[in-house]
Amino acid sequence: MVAMKMNRKFRQSFVYIGVLIVLASIVVPFLWLVISSVSTRIQLTTVPLKWVPEVLNLKNYQEMLVAETGVNASLKIGLRNSVVVAVSATLFCLFAGSLAAYAFTRLRFRGKNVLFSFILLSQVMPMIVLIIPIYIIMNRLGLLNTLLSLVLADCAFVLPLVIWLMRSYFSSIPWSLEEMARIDGCSRFGTIFRIILPLSKPGLAASGIFAFIIAWNEFFSALILSSTTRSKTISVVISEYSSKVGVDYVAMAAAGVVASIPPVLLAIVFQRYIVQGLTAGSVKG
Amino acid sequence: MKSFKINSQLFERESVLAIILLIPALVVIFGVLIFPLGTSLALSFTDLKLTNPDSGGFIGFRNFVEALKNPLFWSSIGRTTIFGVSTVLTEVFLGVAIALLLNQKFKGRGFARGVVILPWALPYVVNGIMWKWIFDANYGAFNAFLSQIGFLETYRIWLGEPISAFAIVVFANIWKETPVAVILVIAALQSIPHELYEAASIDGARSFRKFRSITFPMLKPIITTLVIIKTIWALKEFDLIYIITKGGPANSTNMFSYYIYQNTFKFLNFGYGSALAYLLTLLTIILAYFYMRSLKVGIDVES
């Protein structure tokens, strides 16, 4: 009995040590970025390195809010562009995606399987294959360096994701609800907009948050399609800035932290949705 | 009034309603997926170079032949293979291990599971600059830490040496992508019926035996899915390479996706780049076929 208790205690402390190692390896690298962002350049470049800043330097955060010229001004515009692009792509994909998902779950029509396979395929298609013709098309349409082109490119992988997530959500709503509404004289459109979509609010929220994070983090298509300050997203601005010689580490770190705040905060607050999204998005059929 | 009635009846027909509901999605999917796929197939048989206005003529399979003869193509494929195998195996192994750990009962479990999502939520670019900064030759935290604990006499240029640069890209990918595996495996663990473990306990099975006879067999499907989807992701890896190494030093981190990017958008060789991209597409489609089969989709859509 005593031996078993000892054994359990031993095992429990083993678990805590393991968890601590996992959490530290996740948090420490990011924490260093946060610490760097509030340090002074002089402190970061002293050898041997001092790990804890003596004074809190919030200059870069303040400048990102007010700057009119220079790197911080580009970061400010980039941040705004990222918000516009990610929000528009999310809203459009929620709209188009949930209607399509409804058709896939509830309606019978020809070519459904083929179409659905195409949509799944687009979820795994490498962006590099699509971006070459998309670049040429956007160039011809005169849409290069516009936010619209970035939104459209984002839809290439956000839309399939929303369709996939909403499909699994709609499947969980019982048929009988719809049938009752139909018997009461509700039209098909009426049932979709008055019964199904209101019932699917949690599903829409989960897909929306998931879609926003994916769209916000997208880098490759934005890198190719935008080359002017006016149209660059925050990711593109940071990537360019970070490859310059003699880069200001503090400013770079601060920009990185700011770019991480929206997705990281959403992911932590809506942890449940993210878990749902990830599991429905790649496991369930 | 009469025509309105006919219209509304038409809406009640399932196939018509389906088309209406699918139109917005189909327009986008056609515009950014199907049409581009067709266009790049056509481009891959041309010698289109953006630097040369006379280019763009049909040259048959020459781009593909050129790719297969190019040693840079093969070395990028080789590096992608090493990258893929090392990241996928590590991520799946770590994913299962961390999921098993986070599935134990302990205080703060919900918090720990929340923190695990952080790398997944971090933008790729931020992940890139974070590691680039940590492994910086002059002021990086890695150099500082190693020298302060006495492991290193002088600072080293980690990103300037082929092997360590490659290892850093692998490491950054593992750090970023493992959480997805953890979350999926936790979900799979939670779906294992508890009775199985109880029955095994009554039969006197010890922990390891339970893992071998219950947990592992039940995790097999999700492990298969993870291996396939992560292989597809590994083939696509671009962002980290672009931010951290730009394919260098001396091409040591120049993997397939980056090689395509270089040929297309740096050398502006759109024909050759499209041919390369199509080779990647074929590879992805083959993997995606197995991926969909592992999900058993397509078969049960109709039911």
# chains A, B, ... in the order shown; residues from 1 in each chain; ligands from 1

call {"tool": "closest_atom_pairs", "arguments": {"of": "range 166-265 of chain A", "to": "range 82-90 of chain A", "cutoff": "6 Å", "atoms": "only C-alpha atoms", "output": "tab-separated table"}}
result
residue	atom	partner	partner_atom	distance
A:Ala211	CA	A:Thr90	CA	5.7
A:Phe212	CA	A:Thr90	CA	5.5
A:Ala215	CA	A:Ala86	CA	5.1
A:Trp216	CA	A:Ala86	CA	5.2
A:Thr233	CA	A:Ser82	CA	4.9

call {"tool": "write_last_selection", "arguments": {"atoms": "N, CA and C atoms", "output": "short mmCIF file (atom, residue, chain, number, x, y, z; two decimals), in the first residue's frame"}}
result
data_model
loop_
_atom_site.label_atom_id
_atom_site.label_comp_id
_atom_site.auth_asym_id
_atom_site.auth_seq_id
_atom_site.Cartn_x
_atom_site.Cartn_y
_atom_site.Cartn_z
N ALA A 211 -10.57 30.76 -39.34
CA ALA A 211 -10.29 31.36 -40.65
C ALA A 211 -9.49 32.65 -40.49
N PHE A 212 -9.85 33.46 -39.49
CA PHE A 212 -9.16 34.73 -39.29
C PHE A 212 -7.67 34.50 -38.98
N ALA A 215 -5.86 33.39 -42.11
CA ALA A 215 -5.72 34.48 -43.06
C ALA A 215 -4.71 35.51 -42.55
N TRP A 216 -4.75 35.80 -41.27
CA TRP A 216 -3.83 36.78 -40.68
C TRP A 216 -2.38 36.32 -40.83
N THR A 233 1.13 43.56 -46.17
CA THR A 233 0.59 43.19 -44.85
C THR A 233 1.73 43.24 -43.84
#

call {"tool": "closest_residue", "arguments": {"among": "A:Lys201, A:Arg41, A:Lys59, A:Lys76", "to": "chain B", "atoms": "only C-alpha atoms"}}
result
A:Arg41

call {"tool": "atom_distance", "arguments": {"atom1": "CA of Ile192 in chain A", "atom2": "CA of Cys155 in chain A"}}
result
22.9 Å

call {"tool": "select_by_dssp", "arguments": {"residues": "range 189-290 of chain B", "states": "alpha helix (DSSP H)", "output": "PDB file with C-alpha atoms, in the first residue's frame"}}
result
ATOM      1  CA  LEU B 189      -7.070   9.797 -26.904  1.00  0.00           C
ATOM      2  CA  GLN B 190     -10.286  11.245 -25.495  1.00  0.00           C
ATOM      3  CA  HIS B 194     -12.777   4.221 -20.877  1.00  0.00           C
ATOM      4  CA  GLU B 195     -14.206   0.723 -20.422  1.00  0.00           C
ATOM      5  CA  LEU B 196     -11.325  -0.719 -22.416  1.00  0.00           C
ATOM      6  CA  TYR B 197      -8.834   0.457 -19.795  1.00  0.00           C
ATOM      7  CA  GLU B 198     -11.045  -0.689 -16.939  1.00  0.00           C
ATOM      8  CA  ALA B 199     -11.395  -4.125 -18.444  1.00  0.00           C
ATOM      9  CA  ALA B 200      -7.635  -4.283 -18.943  1.00  0.00           C
ATOM     10  CA  SER B 201      -7.067  -3.262 -15.305  1.00  0.00           C
ATOM     11  CA  ILE B 202      -9.343  -6.053 -14.110  1.00  0.00           C
ATOM     12  CA  SER B 207       0.545   0.658 -17.876  1.00  0.00           C
ATOM     13  CA  PHE B 208       2.902  -0.356 -20.642  1.00  0.00           C
ATOM     14  CA  ARG B 209       0.758  -3.300 -21.628  1.00  0.00           C
ATOM     15  CA  LYS B 210      -2.291  -1.007 -21.786  1.00  0.00           C
ATOM     16  CA  PHE B 216      -1.351   2.535 -29.642  1.00  0.00           C
ATOM     17  CA  PRO B 217      -3.748   0.523 -31.850  1.00  0.00           C
ATOM     18  CA  MET B 218      -6.438   3.149 -31.259  1.00  0.00           C
ATOM     19  CA  LEU B 219      -4.048   5.929 -32.246  1.00  0.00           C
ATOM     20  CA  LYS B 220      -2.916   4.279 -35.457  1.00  0.00           C
ATOM     21  CA  PRO B 221      -5.492   5.978 -37.748  1.00  0.00           C
ATOM     22  CA  ILE B 222      -4.655   9.468 -36.490  1.00  0.00           C
ATOM     23  CA  ILE B 223      -0.927   8.752 -36.752  1.00  0.00           C
ATOM     24  CA  THR B 224      -1.389   7.709 -40.384  1.00  0.00           C
ATOM     25  CA  THR B 225      -3.342  10.886 -41.120  1.00  0.00           C
ATOM     26  CA  LEU B 226      -0.723  13.021 -39.397  1.00  0.00           C
ATOM     27  CA  VAL B 227       2.165  11.458 -41.291  1.00  0.00           C
ATOM     28  CA  ILE B 228       0.490  12.106 -44.638  1.00  0.00           C
ATOM     29  CA  ILE B 229      -0.732  15.645 -44.000  1.00  0.00           C
ATOM     30  CA  LYS B 230       2.550  16.666 -42.401  1.00  0.00           C
ATOM     31  CA  THR B 231       4.458  15.313 -45.368  1.00  0.00           C
ATOM     32  CA  ILE B 232       2.322  17.513 -47.616  1.00  0.00           C
ATOM     33  CA  TRP B 233       3.066  20.491 -45.373  1.00  0.00           C
ATOM     34  CA  ALA B 234       6.775  19.724 -45.343  1.00  0.00           C
ATOM     35  CA  LEU B 235       6.839  19.787 -49.157  1.00  0.00           C
ATOM     36  CA  LYS B 236       5.287  23.248 -49.013  1.00  0.00           C
ATOM     37  CA  ASP B 239       8.090  30.833 -45.181  1.00  0.00           C
ATOM     38  CA  LEU B 240      10.681  29.740 -42.622  1.00  0.00           C
ATOM     39  CA  ILE B 241      13.357  29.261 -45.259  1.00  0.00           C
ATOM     40  CA  TYR B 242      12.613  32.638 -46.795  1.00  0.00           C
ATOM     41  CA  ILE B 243      12.809  34.431 -43.447  1.00  0.00           C
ATOM     42  CA  ILE B 244      15.640  32.568 -41.743  1.00  0.00           C
ATOM     43  CA  PHE B 256      11.923  22.296 -53.320  1.00  0.00           C
ATOM     44  CA  SER B 257       9.334  25.035 -52.688  1.00  0.00           C
ATOM     45  CA  TYR B 258      12.033  27.660 -52.284  1.00  0.00           C
ATOM     46  CA  TYR B 259      13.765  26.412 -55.428  1.00  0.00           C
ATOM     47  CA  ILE B 260      10.498  26.914 -57.357  1.00  0.00           C
ATOM     48  CA  TYR B 261      10.107  30.405 -55.888  1.00  0.00           C
ATOM     49  CA  PHE B 270       7.737  31.467 -65.342  1.00  0.00           C
ATOM     50  CA  GLY B 271       7.690  28.521 -67.740  1.00  0.00           C
ATOM     51  CA  TYR B 272      10.353  26.543 -65.923  1.00  0.00           C
ATOM     52  CA  GLY B 273       8.896  27.523 -62.552  1.00  0.00           C
ATOM     53  CA  SER B 274       5.444  26.298 -63.581  1.00  0.00           C
ATOM     54  CA  ALA B 275       6.880  22.963 -64.696  1.00  0.00           C
ATOM     55  CA  LEU B 276       8.602  22.600 -61.316  1.00  0.00           C
ATOM     56  CA  ALA B 277       5.413  23.616 -59.539  1.00  0.00           C
ATOM     57  CA  TYR B 278       3.529  20.964 -61.482  1.00  0.00           C
ATOM     58  CA  LEU B 279       5.949  18.291 -60.368  1.00  0.00           C
ATOM     59  CA  LEU B 280       5.203  19.394 -56.796  1.00  0.00           C
ATOM     60  CA  THR B 281       1.468  19.303 -57.565  1.00  0.00           C
ATOM     61  CA  LEU B 282       1.669  15.734 -58.845  1.00  0.00           C
ATOM     62  CA  LEU B 283       3.515  14.716 -55.714  1.00  0.00           C
ATOM     63  CA  THR B 284       0.917  16.486 -53.553  1.00  0.00           C
ATOM     64  CA  ILE B 285      -2.008  14.915 -55.405  1.00  0.00           C
ATOM     65  CA  ILE B 286      -0.571  11.440 -54.888  1.00  0.00           C
ATOM     66  CA  LEU B 287      -0.148  12.156 -51.172  1.00  0.00           C
ATOM     67  CA  ALA B 288      -3.579  13.806 -50.995  1.00  0.00           C
ATOM     68  CA  TYR B 289      -5.115  10.674 -52.467  1.00  0.00           C
ATOM     69  CA  PHE B 290      -3.747   8.655 -49.577  1.00  0.00           C
TER      70      PHE B 290
END
